[in-house]
$ cat input_20.cif   # mmCIF, N, CA and C atoms
data_data
#
loop_
_atom_site.label_atom_id
_atom_site.label_comp_id
_atom_site.auth_asym_id
_atom_site.auth_seq_id
_atom_site.Cartn_x
_atom_site.Cartn_y
_atom_site.Cartn_z
N MET A 16 84.63 187.63 139.63
CA MET A 16 83.50 188.16 138.91
C MET A 16 82.98 187.09 137.97
N TYR A 17 81.68 186.99 137.88
CA TYR A 17 81.08 185.99 137.02
C TYR A 17 79.75 186.49 136.46
N ALA A 18 79.24 185.76 135.49
CA ALA A 18 77.94 186.06 134.89
C ALA A 18 77.09 184.80 134.94
N LEU A 19 75.81 184.99 135.02
CA LEU A 19 74.87 183.87 134.93
C LEU A 19 74.22 183.92 133.56
N LEU A 20 74.26 182.81 132.85
CA LEU A 20 73.71 182.74 131.50
C LEU A 20 72.63 181.66 131.46
N PHE A 21 71.54 181.96 130.78
CA PHE A 21 70.50 180.98 130.54
C PHE A 21 70.55 180.57 129.08
N THR A 22 70.35 179.30 128.80
CA THR A 22 70.00 178.91 127.44
C THR A 22 68.50 178.67 127.48
N ASP A 23 67.82 179.19 126.49
CA ASP A 23 66.37 178.99 126.45
C ASP A 23 65.94 178.70 125.03
N THR A 24 64.75 178.14 124.91
CA THR A 24 64.18 177.79 123.61
C THR A 24 62.75 178.32 123.55
N ASP A 25 62.21 178.42 122.35
CA ASP A 25 60.84 178.91 122.19
C ASP A 25 59.83 177.96 122.79
N THR A 26 60.07 176.65 122.61
CA THR A 26 59.18 175.63 123.16
C THR A 26 60.02 174.64 123.95
N ASP A 27 59.41 173.56 124.41
CA ASP A 27 60.14 172.61 125.26
C ASP A 27 60.00 171.19 124.73
N THR A 28 60.40 171.00 123.47
CA THR A 28 60.36 169.67 122.88
C THR A 28 61.73 169.00 123.05
N LEU A 29 61.81 167.72 122.73
CA LEU A 29 63.10 167.03 122.79
C LEU A 29 64.10 167.66 121.83
N ALA A 30 63.63 168.08 120.66
CA ALA A 30 64.52 168.75 119.70
C ALA A 30 65.04 170.07 120.27
N ASP A 31 64.19 170.80 120.99
CA ASP A 31 64.62 172.05 121.62
C ASP A 31 65.70 171.77 122.67
N ARG A 32 65.51 170.72 123.43
CA ARG A 32 66.50 170.38 124.46
C ARG A 32 67.83 170.00 123.83
N LEU A 33 67.77 169.29 122.71
CA LEU A 33 69.00 168.93 122.00
C LEU A 33 69.72 170.18 121.50
N ARG A 34 68.98 171.10 120.89
CA ARG A 34 69.59 172.35 120.41
C ARG A 34 70.17 173.17 121.56
N ALA A 35 69.48 173.18 122.70
CA ALA A 35 69.99 173.91 123.87
C ALA A 35 71.29 173.27 124.35
N GLY A 36 71.35 171.95 124.31
CA GLY A 36 72.58 171.25 124.70
C GLY A 36 73.73 171.57 123.77
N GLU A 37 73.44 171.66 122.48
CA GLU A 37 74.47 172.03 121.51
C GLU A 37 74.96 173.45 121.76
N ALA A 38 74.03 174.35 122.05
CA ALA A 38 74.40 175.74 122.35
C ALA A 38 75.23 175.80 123.63
N LEU A 39 74.84 175.03 124.64
CA LEU A 39 75.59 174.99 125.89
C LEU A 39 77.01 174.50 125.64
N SER A 40 77.17 173.48 124.82
CA SER A 40 78.49 172.97 124.49
C SER A 40 79.37 174.06 123.88
N ALA A 41 78.81 174.84 122.96
CA ALA A 41 79.57 175.93 122.33
C ALA A 41 79.96 176.98 123.36
N VAL A 42 79.05 177.30 124.28
CA VAL A 42 79.35 178.30 125.33
C VAL A 42 80.47 177.80 126.24
N LEU A 43 80.40 176.55 126.66
CA LEU A 43 81.41 176.00 127.56
C LEU A 43 82.78 175.92 126.89
N LEU A 44 82.81 175.51 125.62
CA LEU A 44 84.09 175.45 124.91
C LEU A 44 84.67 176.84 124.71
N THR A 45 83.83 177.81 124.39
CA THR A 45 84.30 179.19 124.20
C THR A 45 84.83 179.76 125.51
N ALA A 46 84.12 179.51 126.59
CA ALA A 46 84.56 179.99 127.91
C ALA A 46 85.91 179.38 128.28
N THR A 47 86.05 178.09 128.06
CA THR A 47 87.31 177.42 128.38
C THR A 47 88.45 177.97 127.54
N ALA A 48 88.21 178.18 126.26
CA ALA A 48 89.24 178.74 125.38
C ALA A 48 89.65 180.14 125.82
N ALA A 49 88.74 180.88 126.44
CA ALA A 49 89.03 182.24 126.92
C ALA A 49 89.62 182.23 128.33
N GLY A 50 89.85 181.04 128.88
CA GLY A 50 90.45 180.95 130.22
C GLY A 50 89.44 181.14 131.35
N LEU A 51 88.17 181.01 131.05
CA LEU A 51 87.14 181.19 132.07
C LEU A 51 86.68 179.84 132.60
N GLY A 52 86.22 179.85 133.82
CA GLY A 52 85.62 178.66 134.40
C GLY A 52 84.12 178.67 134.18
N SER A 53 83.50 177.52 134.29
CA SER A 53 82.05 177.44 134.13
C SER A 53 81.49 176.37 135.05
N ALA A 54 80.24 176.56 135.43
CA ALA A 54 79.56 175.60 136.29
C ALA A 54 78.08 175.58 135.92
N PRO A 55 77.62 174.53 135.23
CA PRO A 55 76.19 174.42 134.94
C PRO A 55 75.39 174.27 136.24
N ILE A 56 74.25 174.92 136.30
CA ILE A 56 73.38 174.85 137.48
C ILE A 56 72.03 174.32 137.00
N SER A 57 71.86 173.02 137.09
CA SER A 57 70.66 172.40 136.55
C SER A 57 69.49 172.40 137.52
N ASP A 58 69.74 172.62 138.80
CA ASP A 58 68.66 172.62 139.81
C ASP A 58 67.52 173.55 139.42
N VAL A 59 67.88 174.65 138.78
CA VAL A 59 66.90 175.68 138.44
C VAL A 59 65.82 175.16 137.49
N ILE A 60 66.17 174.21 136.64
CA ILE A 60 65.19 173.74 135.67
C ILE A 60 64.66 172.34 135.98
N GLU A 61 65.14 171.73 137.03
CA GLU A 61 64.70 170.37 137.37
C GLU A 61 63.35 170.33 138.08
N PHE A 62 62.96 171.41 138.70
CA PHE A 62 61.72 171.46 139.46
C PHE A 62 60.80 172.50 138.82
N ALA A 63 59.53 172.13 138.64
CA ALA A 63 58.57 172.98 137.91
C ALA A 63 58.45 174.38 138.51
N ASP A 64 58.40 174.49 139.84
CA ASP A 64 58.24 175.82 140.45
C ASP A 64 59.47 176.70 140.21
N LEU A 65 60.66 176.11 140.31
CA LEU A 65 61.88 176.89 140.06
C LEU A 65 62.02 177.24 138.58
N ARG A 66 61.60 176.32 137.72
CA ARG A 66 61.66 176.59 136.28
C ARG A 66 60.71 177.73 135.90
N ALA A 67 59.53 177.76 136.52
CA ALA A 67 58.58 178.85 136.26
C ALA A 67 59.15 180.19 136.72
N ARG A 68 59.82 180.20 137.87
CA ARG A 68 60.45 181.44 138.34
C ARG A 68 61.54 181.88 137.39
N ALA A 69 62.35 180.93 136.94
CA ALA A 69 63.43 181.25 136.00
C ALA A 69 62.85 181.81 134.70
N ALA A 70 61.75 181.24 134.22
CA ALA A 70 61.12 181.71 132.99
C ALA A 70 60.68 183.16 133.12
N ARG A 71 60.22 183.55 134.32
CA ARG A 71 59.80 184.94 134.53
C ARG A 71 60.98 185.90 134.51
N LEU A 72 62.17 185.41 134.85
CA LEU A 72 63.36 186.26 134.85
C LEU A 72 63.91 186.52 133.45
N ILE A 73 63.62 185.61 132.54
CA ILE A 73 64.12 185.75 131.16
C ILE A 73 63.21 186.72 130.42
N SER A 74 63.82 187.65 129.72
CA SER A 74 62.99 188.56 128.92
C SER A 74 62.51 187.81 127.69
N GLY A 75 61.23 187.78 127.47
CA GLY A 75 60.67 187.08 126.33
C GLY A 75 59.96 185.80 126.76
N PRO A 76 59.39 185.10 125.80
CA PRO A 76 58.57 183.94 126.10
C PRO A 76 59.33 182.61 126.18
N GLY A 77 60.64 182.64 126.22
CA GLY A 77 61.44 181.42 126.15
C GLY A 77 61.27 180.47 127.32
N GLN A 78 61.60 179.20 127.06
CA GLN A 78 61.59 178.15 128.08
C GLN A 78 63.03 177.93 128.53
N PRO A 79 63.35 178.16 129.81
CA PRO A 79 64.73 177.96 130.26
C PRO A 79 65.13 176.49 130.18
N GLN A 80 66.33 176.25 129.69
CA GLN A 80 66.83 174.88 129.57
C GLN A 80 67.96 174.61 130.55
N ILE A 81 68.83 175.59 130.80
CA ILE A 81 69.94 175.42 131.75
C ILE A 81 70.46 176.79 132.15
N LEU A 82 70.97 176.88 133.35
CA LEU A 82 71.63 178.08 133.85
C LEU A 82 73.11 177.74 134.01
N VAL A 83 73.97 178.65 133.59
CA VAL A 83 75.41 178.41 133.67
C VAL A 83 76.09 179.61 134.31
N ARG A 84 76.95 179.34 135.25
CA ARG A 84 77.79 180.38 135.85
C ARG A 84 79.11 180.36 135.10
N VAL A 85 79.53 181.52 134.58
CA VAL A 85 80.76 181.64 133.81
C VAL A 85 81.56 182.82 134.36
N GLY A 86 82.85 182.63 134.55
CA GLY A 86 83.68 183.74 135.01
C GLY A 86 85.06 183.32 135.43
N HIS A 87 85.76 184.28 136.04
CA HIS A 87 87.11 184.03 136.54
C HIS A 87 87.03 183.44 137.94
N PRO A 88 87.89 182.49 138.25
CA PRO A 88 87.89 181.95 139.61
C PRO A 88 88.35 183.02 140.60
N PRO A 89 87.98 182.88 141.87
CA PRO A 89 88.41 183.86 142.86
C PRO A 89 89.94 183.94 142.93
N PRO A 90 90.50 185.11 143.25
CA PRO A 90 91.96 185.25 143.34
C PRO A 90 92.54 184.27 144.36
N GLY A 91 93.68 183.71 144.01
CA GLY A 91 94.36 182.79 144.92
C GLY A 91 93.85 181.37 144.86
N ARG A 92 92.81 181.14 144.14
CA ARG A 92 92.28 179.78 144.03
C ARG A 92 92.92 179.10 142.83
N PRO A 93 93.65 178.01 143.06
CA PRO A 93 94.32 177.36 141.94
C PRO A 93 93.34 176.68 141.01
N ARG A 94 93.69 176.67 139.74
CA ARG A 94 92.86 175.96 138.76
C ARG A 94 93.08 174.47 138.94
N ARG A 95 92.05 173.71 138.66
CA ARG A 95 92.16 172.26 138.73
C ARG A 95 93.06 171.77 137.60
N ALA A 96 93.94 170.85 137.92
CA ALA A 96 94.85 170.31 136.91
C ALA A 96 94.07 169.51 135.87
N ARG A 97 94.59 169.49 134.67
CA ARG A 97 93.96 168.69 133.63
C ARG A 97 94.04 167.22 134.01
N ALA A 98 93.01 166.50 133.65
CA ALA A 98 92.99 165.07 133.93
C ALA A 98 94.07 164.37 133.11
N ALA A 99 94.64 163.36 133.71
CA ALA A 99 95.66 162.60 133.00
C ALA A 99 95.03 161.87 131.82
N ARG A 100 95.81 161.68 130.80
CA ARG A 100 95.31 160.95 129.64
C ARG A 100 94.95 159.53 130.06
N PRO A 101 93.82 159.03 129.58
CA PRO A 101 93.47 157.66 129.93
C PRO A 101 94.48 156.68 129.36
N ARG A 102 94.79 155.66 130.12
CA ARG A 102 95.73 154.65 129.65
C ARG A 102 94.97 153.55 128.93
N ARG A 103 95.62 152.99 127.97
CA ARG A 103 95.01 151.87 127.25
C ARG A 103 95.11 150.62 128.10
N CYS A 104 94.07 149.85 128.07
CA CYS A 104 94.07 148.56 128.75
C CYS A 104 94.89 147.58 127.94
N SER A 105 95.66 146.83 128.63
CA SER A 105 96.40 145.79 127.94
C SER A 105 95.52 144.56 127.84
N THR A 106 95.38 144.04 126.65
CA THR A 106 94.58 142.83 126.46
C THR A 106 95.49 141.65 126.12
N ARG A 107 96.72 141.79 126.47
CA ARG A 107 97.70 140.73 126.20
C ARG A 107 97.37 139.48 126.99
N ARG A 108 97.40 138.36 126.34
CA ARG A 108 97.11 137.10 127.01
C ARG A 108 98.35 136.23 127.01
N ASP A 109 98.48 135.49 128.07
CA ASP A 109 99.57 134.53 128.16
C ASP A 109 98.97 133.16 127.85
N ASP A 110 99.24 132.64 126.66
CA ASP A 110 98.65 131.36 126.23
C ASP A 110 99.47 130.15 126.65
N ARG A 111 100.48 130.36 127.48
CA ARG A 111 101.33 129.24 127.89
C ARG A 111 100.72 128.40 128.99
N ALA A 112 99.58 128.74 129.52
CA ALA A 112 99.00 128.04 130.67
C ALA A 112 98.61 126.65 130.40
#
$ encode --input "input_20.cif" --output "structure tokens"
Amino acid sequence: MYALLFTDTDTDTLADRLRAGEALSAVLLTATAAGLGSAPISDVIEFADLRARAARLISGPGQPQILVRVGHPPPGRPRRARAARPRRCSTRRDDRA
């Protein structure tokens, strides 16, 4: 089971996009903390015709910024393992050459 969530703004300025990104970050972190998976779907807002359709689906005059799928993974599907911690590069030099 999953839900589709839109982040939208009143207008479509660079500042609006930044605020939408900040809101998206909060949603993704909250979903992860609750044990939910998420998948941003940016195709919907990358093309003008699809973005106009998405805007009609949102109640109100908002400009869609991103669509996100949030929910539980299907039963029996294993969760992806956490990425290994990045290793530090060794910058040790051998000056004996």
$ closest_residue --input "input_20.cif" --among "A:Ala35, A:Leu43, A:His87, A:Gln78" --to "Pro55 in chain A" --atoms "only C-alpha atoms"
A:Leu43
$ resolve_selection --input "input_20.cif" --expression "the PyMOL selection byres (((chain A and resi 76 and name CA) around 10) and name CA)" --output "PDB file with N, CA and C atoms, in the coordinates of the input"
ATOM      1  N   ASP A  23      67.820 179.190 126.490  1.00  0.00           N
ATOM      2  CA  ASP A  23      66.370 178.990 126.450  1.00  0.00           C
ATOM      3  C   ASP A  23      65.940 178.700 125.030  1.00  0.00           C
ATOM      4  N   THR A  24      64.750 178.140 124.910  1.00  0.00           N
ATOM      5  CA  THR A  24      64.180 177.790 123.610  1.00  0.00           C
ATOM      6  C   THR A  24      62.750 178.320 123.550  1.00  0.00           C
ATOM      7  N   ASP A  25      62.210 178.420 122.350  1.00  0.00           N
ATOM      8  CA  ASP A  25      60.840 178.910 122.190  1.00  0.00           C
ATOM      9  C   ASP A  25      59.830 177.960 122.790  1.00  0.00           C
ATOM     10  N   THR A  26      60.070 176.650 122.610  1.00  0.00           N
ATOM     11  CA  THR A  26      59.180 175.630 123.160  1.00  0.00           C
ATOM     12  C   THR A  26      60.020 174.640 123.950  1.00  0.00           C
ATOM     13  N   ALA A  70      61.750 181.240 134.220  1.00  0.00           N
ATOM     14  CA  ALA A  70      61.120 181.710 132.990  1.00  0.00           C
ATOM     15  C   ALA A  70      60.680 183.160 133.120  1.00  0.00           C
ATOM     16  N   ARG A  71      60.220 183.550 134.320  1.00  0.00           N
ATOM     17  CA  ARG A  71      59.800 184.940 134.530  1.00  0.00           C
ATOM     18  C   ARG A  71      60.980 185.900 134.510  1.00  0.00           C
ATOM     19  N   ILE A  73      63.620 185.610 132.540  1.00  0.00           N
ATOM     20  CA  ILE A  73      64.120 185.750 131.160  1.00  0.00           C
ATOM     21  C   ILE A  73      63.210 186.720 130.420  1.00  0.00           C
ATOM     22  N   SER A  74      63.820 187.650 129.720  1.00  0.00           N
ATOM     23  CA  SER A  74      62.990 188.560 128.920  1.00  0.00           C
ATOM     24  C   SER A  74      62.510 187.810 127.690  1.00  0.00           C
ATOM     25  N   GLY A  75      61.230 187.780 127.470  1.00  0.00           N
ATOM     26  CA  GLY A  75      60.670 187.080 126.330  1.00  0.00           C
ATOM     27  C   GLY A  75      59.960 185.800 126.760  1.00  0.00           C
ATOM     28  N   GLY A  77      60.640 182.640 126.220  1.00  0.00           N
ATOM     29  CA  GLY A  77      61.440 181.420 126.150  1.00  0.00           C
ATOM     30  C   GLY A  77      61.270 180.470 127.320  1.00  0.00           C
ATOM     31  N   GLN A  78      61.600 179.200 127.060  1.00  0.00           N
ATOM     32  CA  GLN A  78      61.590 178.150 128.080  1.00  0.00           C
ATOM     33  C   GLN A  78      63.030 177.930 128.530  1.00  0.00           C
ATOM     34  N   PRO A  79      63.350 178.160 129.810  1.00  0.00           N
ATOM     35  CA  PRO A  79      64.730 177.960 130.260  1.00  0.00           C
ATOM     36  C   PRO A  79      65.130 176.490 130.180  1.00  0.00           C
TER      37      PRO A  79
END
$ atom_distance --input "input_20.cif" --atom1 "CA of Met16 in chain A" --atom2 "CA of Pro90 in chain A"
10.0 Å
$ atom_distance --input "input_20.cif" --atom1 "CA of Ala69 in chain A" --atom2 "CA of Pro88 in chain A"
24.7 Å
$ atom_distance --input "input_20.cif" --atom1 "CA of Arg68 in chain A" --atom2 "atom C of Val83 in chain A"
16.3 Å
$ resolve_selection --input "input_20.cif" --expression "the PyMOL selection byres ((chain A and resi 86) around 6.5)" --output "PyMOL selection string"
chain A and resi 16-18+50-53+84-85+87-88
$ write_last_selection --input "input_20.cif" --atoms "N, CA and C atoms" --output "short mmCIF file (atom, residue, chain, number, x, y, z; two decimals), keeping the file's coordinate frame"
data_model
loop_
_atom_site.label_atom_id
_atom_site.label_comp_id
_atom_site.auth_asym_id
_atom_site.auth_seq_id
_atom_site.Cartn_x
_atom_site.Cartn_y
_atom_site.Cartn_z
N MET A 16 84.63 187.63 139.63
CA MET A 16 83.50 188.16 138.91
C MET A 16 82.98 187.09 137.97
N TYR A 17 81.68 186.99 137.88
CA TYR A 17 81.08 185.99 137.02
C TYR A 17 79.75 186.49 136.46
N ALA A 18 79.24 185.76 135.49
CA ALA A 18 77.94 186.06 134.89
C ALA A 18 77.09 184.80 134.94
N GLY A 50 89.85 181.04 128.88
CA GLY A 50 90.45 180.95 130.22
C GLY A 50 89.44 181.14 131.35
N LEU A 51 88.17 181.01 131.05
CA LEU A 51 87.14 181.19 132.07
C LEU A 51 86.68 179.84 132.60
N GLY A 52 86.22 179.85 133.82
CA GLY A 52 85.62 178.66 134.40
C GLY A 52 84.12 178.67 134.18
N SER A 53 83.50 177.52 134.29
CA SER A 53 82.05 177.44 134.13
C SER A 53 81.49 176.37 135.05
N ARG A 84 76.95 179.34 135.25
CA ARG A 84 77.79 180.38 135.85
C ARG A 84 79.11 180.36 135.10
N VAL A 85 79.53 181.52 134.58
CA VAL A 85 80.76 181.64 133.81
C VAL A 85 81.56 182.82 134.36
N HIS A 87 85.76 184.28 136.04
CA HIS A 87 87.11 184.03 136.54
C HIS A 87 87.03 183.44 137.94
N PRO A 88 87.89 182.49 138.25
CA PRO A 88 87.89 181.95 139.61
C PRO A 88 88.35 183.02 140.60
#
$ select_by_dssp --input "input_20.cif" --residues "range 48-102 of chain A" --states "strand (DSSP E or B)" --output "NGL selection string"
:A and (52-56 or 78-86)
$ axis_aligned_box --input "input_20.cif" --around "range 26-29 of chain A" --padding-each-side "4 Å" --output "JSON"
{"center_x": 61.6, "center_y": 171.8, "center_z": 123.5, "size_x": 12.9, "size_y": 17.6, "size_z": 11.4}
$ build_atoms --input "input_20.cif" --residues "range 62-87 of chain A" --atoms "N, CA, C and O atoms" --output "PDB file, in the frame of the given file"
ATOM      1  N   PHE A  62      62.960 171.410 138.700  1.00  0.00           N
ATOM      2  CA  PHE A  62      61.720 171.460 139.460  1.00  0.00           C
ATOM      3  C   PHE A  62      60.800 172.500 138.820  1.00  0.00           C
ATOM      4  O   PHE A  62      61.209 173.615 138.517  1.00  0.00           O
ATOM      5  N   ALA A  63      59.530 172.130 138.640  1.00  0.00           N
ATOM      6  CA  ALA A  63      58.570 172.980 137.910  1.00  0.00           C
ATOM      7  C   ALA A  63      58.450 174.380 138.510  1.00  0.00           C
ATOM      8  O   ALA A  63      58.424 175.368 137.770  1.00  0.00           O
ATOM      9  N   ASP A  64      58.400 174.490 139.840  1.00  0.00           N
ATOM     10  CA  ASP A  64      58.240 175.820 140.450  1.00  0.00           C
ATOM     11  C   ASP A  64      59.470 176.700 140.210  1.00  0.00           C
ATOM     12  O   ASP A  64      59.342 177.881 139.905  1.00  0.00           O
ATOM     13  N   LEU A  65      60.660 176.110 140.310  1.00  0.00           N
ATOM     14  CA  LEU A  65      61.880 176.890 140.060  1.00  0.00           C
ATOM     15  C   LEU A  65      62.020 177.240 138.580  1.00  0.00           C
ATOM     16  O   LEU A  65      62.456 178.333 138.220  1.00  0.00           O
ATOM     17  N   ARG A  66      61.600 176.320 137.720  1.00  0.00           N
ATOM     18  CA  ARG A  66      61.660 176.590 136.280  1.00  0.00           C
ATOM     19  C   ARG A  66      60.710 177.730 135.900  1.00  0.00           C
ATOM     20  O   ARG A  66      61.039 178.581 135.084  1.00  0.00           O
ATOM     21  N   ALA A  67      59.530 177.760 136.520  1.00  0.00           N
ATOM     22  CA  ALA A  67      58.580 178.850 136.260  1.00  0.00           C
ATOM     23  C   ALA A  67      59.150 180.190 136.720  1.00  0.00           C
ATOM     24  O   ALA A  67      59.016 181.199 136.023  1.00  0.00           O
ATOM     25  N   ARG A  68      59.820 180.200 137.870  1.00  0.00           N
ATOM     26  CA  ARG A  68      60.450 181.440 138.340  1.00  0.00           C
ATOM     27  C   ARG A  68      61.540 181.880 137.390  1.00  0.00           C
ATOM     28  O   ARG A  68      61.676 183.070 137.081  1.00  0.00           O
ATOM     29  N   ALA A  69      62.350 180.930 136.940  1.00  0.00           N
ATOM     30  CA  ALA A  69      63.430 181.250 136.000  1.00  0.00           C
ATOM     31  C   ALA A  69      62.850 181.810 134.700  1.00  0.00           C
ATOM     32  O   ALA A  69      63.388 182.762 134.138  1.00  0.00           O
ATOM     33  N   ALA A  70      61.750 181.240 134.220  1.00  0.00           N
ATOM     34  CA  ALA A  70      61.120 181.710 132.990  1.00  0.00           C
ATOM     35  C   ALA A  70      60.680 183.160 133.120  1.00  0.00           C
ATOM     36  O   ALA A  70      60.772 183.934 132.172  1.00  0.00           O
ATOM     37  N   ARG A  71      60.220 183.550 134.320  1.00  0.00           N
ATOM     38  CA  ARG A  71      59.800 184.940 134.530  1.00  0.00           C
ATOM     39  C   ARG A  71      60.980 185.900 134.510  1.00  0.00           C
ATOM     40  O   ARG A  71      60.829 187.072 134.189  1.00  0.00           O
ATOM     41  N   LEU A  72      62.170 185.410 134.850  1.00  0.00           N
ATOM     42  CA  LEU A  72      63.360 186.260 134.850  1.00  0.00           C
ATOM     43  C   LEU A  72      63.910 186.520 133.450  1.00  0.00           C
ATOM     44  O   LEU A  72      64.611 187.498 133.224  1.00  0.00           O
ATOM     45  N   ILE A  73      63.620 185.610 132.540  1.00  0.00           N
ATOM     46  CA  ILE A  73      64.120 185.750 131.160  1.00  0.00           C
ATOM     47  C   ILE A  73      63.210 186.720 130.420  1.00  0.00           C
ATOM     48  O   ILE A  73      61.994 186.602 130.471  1.00  0.00           O
ATOM     49  N   SER A  74      63.820 187.650 129.720  1.00  0.00           N
ATOM     50  CA  SER A  74      62.990 188.560 128.920  1.00  0.00           C
ATOM     51  C   SER A  74      62.510 187.810 127.690  1.00  0.00           C
ATOM     52  O   SER A  74      63.287 187.226 126.958  1.00  0.00           O
ATOM     53  N   GLY A  75      61.230 187.780 127.470  1.00  0.00           N
ATOM     54  CA  GLY A  75      60.670 187.080 126.330  1.00  0.00           C
ATOM     55  C   GLY A  75      59.960 185.800 126.760  1.00  0.00           C
ATOM     56  O   GLY A  75      59.957 185.434 127.924  1.00  0.00           O
ATOM     57  N   PRO A  76      59.390 185.100 125.800  1.00  0.00           N
ATOM     58  CA  PRO A  76      58.570 183.940 126.100  1.00  0.00           C
ATOM     59  C   PRO A  76      59.330 182.610 126.180  1.00  0.00           C
ATOM     60  O   PRO A  76      58.735 181.559 126.187  1.00  0.00           O
ATOM     61  N   GLY A  77      60.640 182.640 126.220  1.00  0.00           N
ATOM     62  CA  GLY A  77      61.440 181.420 126.150  1.00  0.00           C
ATOM     63  C   GLY A  77      61.270 180.470 127.320  1.00  0.00           C
ATOM     64  O   GLY A  77      60.865 180.848 128.410  1.00  0.00           O
ATOM     65  N   GLN A  78      61.600 179.200 127.060  1.00  0.00           N
ATOM     66  CA  GLN A  78      61.590 178.150 128.080  1.00  0.00           C
ATOM     67  C   GLN A  78      63.030 177.930 128.530  1.00  0.00           C
ATOM     68  O   GLN A  78      63.884 177.547 127.740  1.00  0.00           O
ATOM     69  N   PRO A  79      63.350 178.160 129.810  1.00  0.00           N
ATOM     70  CA  PRO A  79      64.730 177.960 130.260  1.00  0.00           C
ATOM     71  C   PRO A  79      65.130 176.490 130.180  1.00  0.00           C
ATOM     72  O   PRO A  79      64.353 175.616 130.540  1.00  0.00           O
ATOM     73  N   GLN A  80      66.330 176.250 129.690  1.00  0.00           N
ATOM     74  CA  GLN A  80      66.830 174.880 129.570  1.00  0.00           C
ATOM     75  C   GLN A  80      67.960 174.610 130.550  1.00  0.00           C
ATOM     76  O   GLN A  80      68.056 173.512 131.078  1.00  0.00           O
ATOM     77  N   ILE A  81      68.830 175.590 130.800  1.00  0.00           N
ATOM     78  CA  ILE A  81      69.940 175.420 131.750  1.00  0.00           C
ATOM     79  C   ILE A  81      70.460 176.790 132.150  1.00  0.00           C
ATOM     80  O   ILE A  81      70.372 177.741 131.381  1.00  0.00           O
ATOM     81  N   LEU A  82      70.970 176.880 133.350  1.00  0.00           N
ATOM     82  CA  LEU A  82      71.630 178.080 133.850  1.00  0.00           C
ATOM     83  C   LEU A  82      73.110 177.740 134.010  1.00  0.00           C
ATOM     84  O   LEU A  82      73.443 176.649 134.475  1.00  0.00           O
ATOM     85  N   VAL A  83      73.970 178.650 133.590  1.00  0.00           N
ATOM     86  CA  VAL A  83      75.410 178.410 133.670  1.00  0.00           C
ATOM     87  C   VAL A  83      76.090 179.610 134.310  1.00  0.00           C
ATOM     88  O   VAL A  83      75.814 180.749 133.947  1.00  0.00           O
ATOM     89  N   ARG A  84      76.950 179.340 135.250  1.00  0.00           N
ATOM     90  CA  ARG A  84      77.790 180.380 135.850  1.00  0.00           C
ATOM     91  C   ARG A  84      79.110 180.360 135.100  1.00  0.00           C
ATOM     92  O   ARG A  84      79.753 179.316 134.971  1.00  0.00           O
ATOM     93  N   VAL A  85      79.530 181.520 134.580  1.00  0.00           N
ATOM     94  CA  VAL A  85      80.760 181.640 133.810  1.00  0.00           C
ATOM     95  C   VAL A  85      81.560 182.820 134.360  1.00  0.00           C
ATOM     96  O   VAL A  85      80.986 183.886 134.591  1.00  0.00           O
ATOM     97  N   GLY A  86      82.850 182.630 134.550  1.00  0.00           N
ATOM     98  CA  GLY A  86      83.680 183.740 135.010  1.00  0.00           C
ATOM     99  C   GLY A  86      85.060 183.320 135.430  1.00  0.00           C
ATOM    100  O   GLY A  86      85.486 182.190 135.221  1.00  0.00           O
ATOM    101  N   HIS A  87      85.760 184.280 136.040  1.00  0.00           N
ATOM    102  CA  HIS A  87      87.110 184.030 136.540  1.00  0.00           C
ATOM    103  C   HIS A  87      87.030 183.440 137.940  1.00  0.00           C
ATOM    104  O   HIS A  87      86.195 183.862 138.738  1.00  0.00           O
TER     105      HIS A  87
END
